[in-house]
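Text of the file data12.txt, holding compact mmCIF, C-alpha atoms:
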# COMPACT_ATOMS: atom_id res chain seq x y z
CA MET N 1 63.46 114.99 14.89
CA PRO N 2 64.34 114.25 18.56
CA VAL N 3 62.18 116.16 21.01
CA PHE N 4 62.52 117.04 24.69
CA GLU N 5 59.44 118.13 26.64
CA PHE N 6 59.51 119.70 30.08
CA SER N 7 56.63 120.30 32.49
CA PHE N 8 56.37 120.95 36.20
CA HIS N 9 54.72 118.46 38.53
CA ALA N 10 53.11 119.37 41.85
CA GLN N 11 54.95 117.73 44.71
CA ALA N 12 52.42 115.46 46.38
CA GLN N 13 52.76 115.26 50.17
CA GLN N 14 52.91 111.69 51.42
CA GLN N 15 51.22 111.11 54.76
CA GLN N 16 53.17 109.09 57.35
CA GLY N 17 52.31 105.40 57.03
CA ALA N 18 50.24 105.94 53.91
CA ALA N 19 50.87 104.29 50.58
CA PRO N 20 53.18 106.21 48.24
CA ALA N 21 51.38 108.97 46.42
CA PRO N 22 50.65 108.36 42.73
CA PRO N 23 52.70 110.32 40.21
CA ALA N 24 51.63 113.94 40.35
CA ALA N 25 49.79 115.55 37.48
CA PRO N 26 51.52 118.27 35.46
CA PHE N 27 51.33 121.61 37.25
CA ALA N 28 50.60 124.28 34.65
CA GLN N 29 51.26 127.19 37.03
CA GLY N 30 54.87 126.01 37.40
CA LEU N 31 55.88 127.30 34.00
CA LEU N 32 54.17 130.62 34.67
CA GLN N 33 55.88 131.06 38.03
CA CYS N 34 59.36 129.72 37.31
CA GLY N 35 59.79 130.05 33.56
CA PRO N 36 61.25 127.43 31.23
CA LEU N 37 63.90 125.63 33.27
CA LEU N 38 66.32 122.99 32.11
CA PRO N 39 68.65 120.71 34.11
CA VAL N 40 72.22 121.61 33.28
CA GLN N 41 75.71 120.38 34.05
CA ILE N 42 78.61 122.75 33.45
CA GLY N 43 82.19 121.53 33.50
CA ILE N 44 85.61 122.43 32.21
CA ALA N 45 86.32 121.73 28.53
CA THR N 46 87.77 118.31 27.76
CA LYS N 47 90.89 119.98 26.39
CA VAL N 48 91.45 121.79 29.70
CA ALA N 49 90.83 118.59 31.68
CA ALA N 50 93.45 116.81 29.57
CA THR N 51 95.93 119.61 30.23
CA LEU N 52 95.34 119.41 33.97
CA GLN N 53 95.78 115.64 33.84
CA LYS N 54 99.16 116.10 32.13
CA PHE N 55 100.33 117.94 35.24
CA GLY N 56 98.82 115.36 37.58
CA LEU N 57 95.95 117.65 38.56
CA ALA N 58 92.38 116.42 38.92
CA ALA N 59 89.63 118.17 37.00
CA PRO N 60 87.13 119.91 39.28
CA PRO N 61 83.75 118.17 39.35
CA PRO N 62 81.11 119.74 37.12
CA SER N 63 78.47 122.00 38.64
CA ILE N 64 74.92 120.71 38.43
CA GLY N 65 71.78 122.79 38.68
CA LEU N 66 69.13 124.48 36.60
CA ALA N 67 69.31 126.87 33.69
CA LEU N 68 66.60 129.34 32.76
CA ILE N 69 65.83 129.62 29.06
CA ASP N 70 65.84 133.34 28.27
CA THR N 71 64.88 134.22 24.72
CA GLY N 72 65.62 137.87 25.54
CA ALA N 73 69.31 137.19 26.11
CA THR N 74 71.74 137.29 23.22
CA ILE N 75 74.40 135.27 24.97
CA SER N 76 74.26 132.60 27.68
CA GLY N 77 75.48 133.27 31.18
CA VAL N 78 76.91 131.25 34.03
CA ASP N 79 76.87 132.11 37.71
CA LYS N 80 80.11 133.53 39.08
CA ARG N 81 80.18 130.83 41.78
CA VAL N 82 80.42 128.17 39.08
CA VAL N 83 83.21 130.10 37.34
CA SER N 84 85.13 130.17 40.59
CA ALA N 85 84.48 126.50 41.49
CA LEU N 86 85.64 125.31 38.08
CA GLY N 87 88.66 127.62 37.95
CA LEU N 88 87.63 128.92 34.52
CA GLN N 89 89.93 131.45 32.88
CA PRO N 90 88.58 134.31 30.75
CA ILE N 91 88.74 133.82 26.99
CA SER N 92 87.18 137.07 25.92
CA VAL N 93 85.40 140.22 26.95
CA GLN N 94 81.84 140.97 25.91
CA LYS N 95 80.18 144.36 25.73
CA VAL N 96 76.77 144.11 27.37
CA PHE N 97 74.05 146.70 26.97
CA THR N 98 72.81 147.97 30.32
CA ALA N 99 70.51 150.75 31.47
CA ARG N 100 73.59 152.95 31.89
CA GLY N 101 75.07 152.22 28.46
CA SER N 102 77.34 149.32 27.65
CA SER N 103 79.86 147.72 30.00
CA GLU N 104 82.41 144.94 29.52
CA HIS N 105 82.19 141.54 31.15
CA PRO N 106 84.40 138.43 31.06
CA VAL N 107 83.48 135.45 28.93
CA TYR N 108 84.47 131.87 29.69
CA ALA N 109 84.49 128.60 27.79
CA ALA N 110 82.87 125.57 29.37
CA ARG N 111 81.41 122.19 28.51
CA TYR N 112 77.62 121.98 28.73
CA ALA N 113 75.44 118.92 29.23
CA PHE N 114 71.74 118.55 29.97
CA PRO N 115 71.42 115.58 32.37
CA ASN N 116 68.30 113.41 32.35
CA THR N 117 67.33 114.73 28.94
CA ASN N 118 68.03 113.60 25.41
CA LEU N 119 69.39 117.02 24.46
CA PRO N 120 72.88 117.09 22.98
CA GLY N 121 75.54 118.79 25.08
CA MET N 122 78.17 121.21 23.86
CA GLU N 123 81.90 120.80 24.20
CA PHE N 124 82.52 124.50 23.78
CA GLY N 125 80.03 127.03 25.09
CA ARG N 126 80.76 130.76 25.41
CA LEU N 127 79.38 131.93 28.74
CA LEU N 128 79.19 135.39 30.20
CA GLU N 129 79.88 135.63 33.92
CA ILE N 130 76.75 136.75 35.76
CA ASP N 131 75.63 136.86 39.38
CA LEU N 132 72.61 134.65 39.98
CA ALA N 133 72.71 135.51 43.68
CA ASP N 134 72.56 131.92 44.96
CA GLN N 135 68.97 131.51 43.78
CA LYS N 136 67.24 128.20 44.36
CA VAL N 137 64.03 126.90 42.78
CA PRO N 138 61.69 125.53 45.48
CA MET N 139 59.39 123.97 42.88
CA MET N 140 62.35 121.91 41.64
CA GLY N 141 63.57 120.55 44.97
CA ASN N 142 65.56 123.70 45.79
CA GLN N 143 68.03 123.08 43.01
CA PRO N 144 70.28 126.08 42.36
CA LEU N 145 69.84 128.28 39.32
CA ILE N 146 73.33 128.35 37.81
CA ALA N 147 72.92 129.49 34.22
CA ILE N 148 70.87 131.35 31.67
CA ILE N 149 70.44 129.86 28.22
CA GLY N 150 70.43 132.64 25.66
CA ARG N 151 69.83 132.76 21.95
CA GLU N 152 73.40 131.75 21.10
CA ILE N 153 72.61 128.23 22.36
CA LEU N 154 68.93 128.35 21.39
CA SER N 155 70.00 128.90 17.79
CA ARG N 156 70.53 125.12 17.66
CA PHE N 157 66.99 124.26 18.79
CA ILE N 158 63.33 124.74 17.96
CA LEU N 159 61.57 126.05 21.08
CA ILE N 160 57.81 125.81 21.57
CA TYR N 161 56.42 127.52 24.66
CA ASN N 162 52.98 126.17 25.56
CA GLY N 163 51.58 128.52 28.20
CA PRO N 164 48.07 126.99 28.49
CA GLY N 165 49.52 123.50 28.76
CA GLY N 166 52.25 124.56 31.20
CA HIS N 167 55.09 122.96 29.27
CA TYR N 168 57.71 123.73 26.69
CA THR N 169 59.33 121.64 24.00
CA LEU N 170 62.81 121.72 22.54
CA ALA N 171 63.44 119.93 19.28
CA PHE N 172 66.80 119.54 17.64
CA MET W 94 90.44 145.34 33.70
CA ILE W 95 90.24 141.82 32.33
CA LEU W 96 92.58 140.90 29.48
CA GLU W 97 93.69 144.54 29.33
CA LYS W 98 96.99 143.87 27.58
CA GLU W 99 95.41 141.52 25.05
CA GLN W 100 92.55 143.91 24.31
CA ALA W 101 94.90 146.85 23.79
CA PHE W 102 97.02 144.73 21.45
CA PHE W 103 93.92 143.64 19.51
CA GLU W 104 92.68 147.23 19.16
CA ALA W 105 96.07 148.45 18.00
CA HIS W 106 96.13 145.82 15.25
CA ARG W 107 92.46 145.67 14.35
CA PRO W 108 92.74 147.87 11.19
CA GLU W 109 95.62 145.79 9.87
CA TRP W 110 94.00 142.44 10.70
CA LEU W 111 90.74 143.54 9.11
CA LYS W 112 92.53 143.68 5.76
CA TYR W 113 93.74 140.10 5.96
CA HIS W 114 91.63 138.20 8.49
CA GLN W 115 88.15 139.73 8.49
CA GLY W 116 85.62 137.25 9.88
CA LYS W 117 88.29 134.95 11.29
CA VAL W 118 88.93 134.49 15.01
CA ALA W 119 92.15 135.80 16.53
CA LEU W 120 93.91 134.22 19.49
CA VAL W 121 95.98 136.72 21.48
CA VAL W 122 98.02 135.95 24.58
CA GLY W 123 99.87 138.84 26.17
CA GLU W 124 101.05 141.03 23.32
CA GLU W 125 101.31 138.29 20.75
CA LEU W 126 99.00 137.11 18.00
CA ILE W 127 99.21 133.35 18.32
CA GLY W 128 97.10 132.64 15.25
CA VAL W 129 93.86 133.17 13.37
CA TYR W 130 91.27 130.41 13.15
CA ASP W 131 87.98 129.62 11.46
CA ASN W 132 86.04 129.59 14.75
CA ALA W 133 86.38 130.27 18.47
CA GLU W 134 86.50 126.60 19.43
CA ALA W 135 89.53 125.97 17.22
CA ALA W 136 91.25 129.03 18.69
CA PHE W 137 90.47 127.84 22.23
CA ASP W 138 91.84 124.35 21.54
CA ALA W 139 95.04 125.81 20.11
CA GLY W 140 95.44 128.18 23.05
CA VAL W 141 94.91 125.51 25.70
CA GLU W 142 97.20 123.10 23.84
CA ARG W 143 100.02 125.65 23.84
CA PHE W 144 99.55 127.58 27.09
CA GLY W 145 97.27 125.49 29.28
CA ASN W 146 94.41 126.89 31.33
CA VAL W 147 95.38 130.57 31.26
CA PRO W 148 93.59 133.82 30.37
CA MET W 149 93.59 134.42 26.61
CA LEU W 150 91.70 136.64 24.20
CA ILE W 151 89.66 134.87 21.54
CA LYS W 152 87.93 137.41 19.38
CA GLN W 153 86.45 137.65 15.93
CA VAL W 154 88.13 140.17 13.66
CA GLN W 155 85.40 142.58 12.59
CA ALA W 156 84.99 146.32 12.24
CA THR W 157 82.87 146.72 15.37
CA ASP W 158 82.16 144.40 18.27
CA PRO W 159 78.58 143.24 18.81
CA VAL W 160 76.88 144.27 22.04
CA ALA W 161 75.02 141.56 23.97
CA HIS W 162 71.63 142.09 25.57
CA ILE W 163 70.34 140.32 28.70
CA PRO W 164 67.29 142.43 29.64
CA ALA W 165 66.22 140.16 32.51
CA LEU W 166 69.42 141.03 34.34
CA PHE W 167 69.96 144.70 33.66
CA LEU W 168 66.29 145.60 34.06
CA GLY W 169 66.17 143.80 37.38
CA LEU W 170 63.44 141.41 36.23
CA MET W 171 65.02 138.63 38.26
CA ASN W 172 67.08 138.55 41.42
CA ALA W 173 70.41 138.59 39.62
CA GLY W 174 72.90 140.91 38.02
CA ILE W 175 75.94 141.22 35.81
Rewritten as structure tokens:
Amino acid sequence: MPVFEFSFHAQAQQQQGAAPAPPAAPFAQGLLQCGPLLPVQIGIATKVAATLQKFGLAAPPPSIGLALIDTGATISGVDKRVVSALGLQPISVQKVFTARGSSEHPVYAARYAFPNTNLPGMEFGRLLEIDLADQKVPMMGNQPLIAIIGREILSRFILIYNGPGGHYTLAF
Amino acid sequence: MILEKEQAFFEAHRPEWLKYHQGKVALVVGEELIGVYDNAEAAFDAGVERFGNVPMLIKQVQATDPVAHIPALFLGLMNAGI
């Protein structure tokens, strides 16, 4: 069974003129502070790209950033800035439970990939539009947080969260 | 309201479609049922093939719609919202 393991590494400061720092050791506090993060690339579906091409239009480049694995979320979500940049069109409306009852939010279809991992991507992912407020993750080189991975996507994986070790594992 | 026309059309026909298409996925554009499919991806492909990149309603035909939960957002556990 293919396995992907993620852990944080402390960013070693290299002194001017000094030899390059050795690879940093895993940083267990990273998982505690940031949660289980995953590199993600979100783009328009291949079918939509083909349609745009038919009309001589270029497909917008995919958005690259980080996704937070959220086992509390039923559905996955994508930041509204990504929705806008990709020109996604709504394909459904999802009732979402909130503190004030339920409210309706647009759902989009997008292609998902997990760069620099061996995890399989998805051609068709249902994503709720959410506002991630332009958050960046300093411990990951200030990469933007652009998505939340909920149980709809996690249903394809085995997830092991190792708190003491400061890493998590996805198997598929 | 997003997909207002499509949602109203779906609601008006839900009882009828439940008899014949329960569990299938309906594709609605405007006030027209384009087709019913085995899954959302098939409905999406058919919709994009016919209409291009436009708003469309892709929804499973069932008696009640499930409600999603994202506690981290609505409880304000992270700096984000819906």
Tell me as a PDB file with C-alpha atoms, in the coordinates of the input which residues belonging to chain W come within 10 Å of chain N, counting all atoms listed in the file.
ATOM      1  CA  MET W  94      90.440 145.340  33.700  1.00  0.00           C
ATOM      2  CA  ILE W  95      90.240 141.820  32.330  1.00  0.00           C
ATOM      3  CA  LEU W  96      92.580 140.900  29.480  1.00  0.00           C
ATOM      4  CA  GLU W  97      93.690 144.540  29.330  1.00  0.00           C
ATOM      5  CA  GLU W  99      95.410 141.520  25.050  1.00  0.00           C
ATOM      6  CA  GLN W 100      92.550 143.910  24.310  1.00  0.00           C
ATOM      7  CA  LEU W 120      93.910 134.220  19.490  1.00  0.00           C
ATOM      8  CA  VAL W 121      95.980 136.720  21.480  1.00  0.00           C
ATOM      9  CA  VAL W 122      98.020 135.950  24.580  1.00  0.00           C
ATOM     10  CA  ALA W 133      86.380 130.270  18.470  1.00  0.00           C
ATOM     11  CA  GLU W 134      86.500 126.600  19.430  1.00  0.00           C
ATOM     12  CA  ALA W 135      89.530 125.970  17.220  1.00  0.00           C
ATOM     13  CA  ALA W 136      91.250 129.030  18.690  1.00  0.00           C
ATOM     14  CA  PHE W 137      90.470 127.840  22.230  1.00  0.00           C
ATOM     15  CA  ASP W 138      91.840 124.350  21.540  1.00  0.00           C
ATOM     16  CA  ALA W 139      95.040 125.810  20.110  1.00  0.00           C
ATOM     17  CA  GLY W 140      95.440 128.180  23.050  1.00  0.00           C
ATOM     18  CA  VAL W 141      94.910 125.510  25.700  1.00  0.00           C
ATOM     19  CA  GLU W 142      97.200 123.100  23.840  1.00  0.00           C
ATOM     20  CA  ARG W 143     100.020 125.650  23.840  1.00  0.00           C
ATOM     21  CA  PHE W 144      99.550 127.580  27.090  1.00  0.00           C
ATOM     22  CA  GLY W 145      97.270 125.490  29.280  1.00  0.00           C
ATOM     23  CA  ASN W 146      94.410 126.890  31.330  1.00  0.00           C
ATOM     24  CA  VAL W 147      95.380 130.570  31.260  1.00  0.00           C
ATOM     25  CA  PRO W 148      93.590 133.820  30.370  1.00  0.00           C
ATOM     26  CA  MET W 149      93.590 134.420  26.610  1.00  0.00           C
ATOM     27  CA  LEU W 150      91.700 136.640  24.200  1.00  0.00           C
ATOM     28  CA  ILE W 151      89.660 134.870  21.540  1.00  0.00           C
ATOM     29  CA  LYS W 152      87.930 137.410  19.380  1.00  0.00           C
ATOM     30  CA  ASP W 158      82.160 144.400  18.270  1.00  0.00           C
ATOM     31  CA  PRO W 159      78.580 143.240  18.810  1.00  0.00           C
ATOM     32  CA  VAL W 160      76.880 144.270  22.040  1.00  0.00           C
ATOM     33  CA  ALA W 161      75.020 141.560  23.970  1.00  0.00           C
ATOM     34  CA  HIS W 162      71.630 142.090  25.570  1.00  0.00           C
ATOM     35  CA  ILE W 163      70.340 140.320  28.700  1.00  0.00           C
ATOM     36  CA  PRO W 164      67.290 142.430  29.640  1.00  0.00           C
ATOM     37  CA  ALA W 165      66.220 140.160  32.510  1.00  0.00           C
ATOM     38  CA  LEU W 166      69.420 141.030  34.340  1.00  0.00           C
ATOM     39  CA  PHE W 167      69.960 144.700  33.660  1.00  0.00           C
ATOM     40  CA  LEU W 168      66.290 145.600  34.060  1.00  0.00           C
ATOM     41  CA  MET W 171      65.020 138.630  38.260  1.00  0.00           C
ATOM     42  CA  ASN W 172      67.080 138.550  41.420  1.00  0.00           C
ATOM     43  CA  ALA W 173      70.410 138.590  39.620  1.00  0.00           C
ATOM     44  CA  GLY W 174      72.900 140.910  38.020  1.00  0.00           C
ATOM     45  CA  ILE W 175      75.940 141.220  35.810  1.00  0.00           C
TER      46      ILE W 175
END
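Taking atom CA of Pro144 of chain N and atom CA of Ile69 of chain N as the two end points, the separation is 14.5 Å.
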Surrounding residues of segment 101-114 of chain W excluding itself and chain neighbours under 6 positions, 7 Å, only C-alpha atoms, as an NGL selection string: :W and (124 or 154-155)
Gap from atom CA of Glu125 of chain W to atom CA of Phe55 of chain N - Å, one decimal: 25.0 Å
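Straight-line separation from atom CA of Tyr161 of chain N to atom CA of Pro36 of chain N: 8.2 Å.
Residue neighbourhood of Met122 of chain N, excluding near-sequence residues (fewer than 6 positions): N:Val40, N:Gln41, N:Ile42, N:Gly43, N:Ile44, N:Ala45, N:Thr46, N:Ala109, N:Ala110, N:Arg111, N:Tyr112, N:Ala113, N:Phe114, N:Glu152, N:Ile153, N:Leu154, N:Arg156, W:Glu134, at 12 Å, using all atoms listed in the file.
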Selection export as a short mmCIF file (atom, residue, chain, number, x, y, z; two decimals), in the frame of the given file, atoms kept: C-alpha atoms:
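And here is the file that came out, out_0.cif:
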data_model
loop_
_atom_site.label_atom_id
_atom_site.label_comp_id
_atom_site.auth_asym_id
_atom_site.auth_seq_id
_atom_site.Cartn_x
_atom_site.Cartn_y
_atom_site.Cartn_z
CA VAL N 40 72.22 121.61 33.28
CA GLN N 41 75.71 120.38 34.05
CA ILE N 42 78.61 122.75 33.45
CA GLY N 43 82.19 121.53 33.50
CA ILE N 44 85.61 122.43 32.21
CA ALA N 45 86.32 121.73 28.53
CA THR N 46 87.77 118.31 27.76
CA ALA N 109 84.49 128.60 27.79
CA ALA N 110 82.87 125.57 29.37
CA ARG N 111 81.41 122.19 28.51
CA TYR N 112 77.62 121.98 28.73
CA ALA N 113 75.44 118.92 29.23
CA PHE N 114 71.74 118.55 29.97
CA GLU N 152 73.40 131.75 21.10
CA ILE N 153 72.61 128.23 22.36
CA LEU N 154 68.93 128.35 21.39
CA ARG N 156 70.53 125.12 17.66
CA GLU W 134 86.50 126.60 19.43
#
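Candidate residues N:Leu86, N:Ile158, N:Val137, N:Leu119 were compared for distance to Gly35 of chain N, and the nearest is N:Val137, using only C-alpha atoms.
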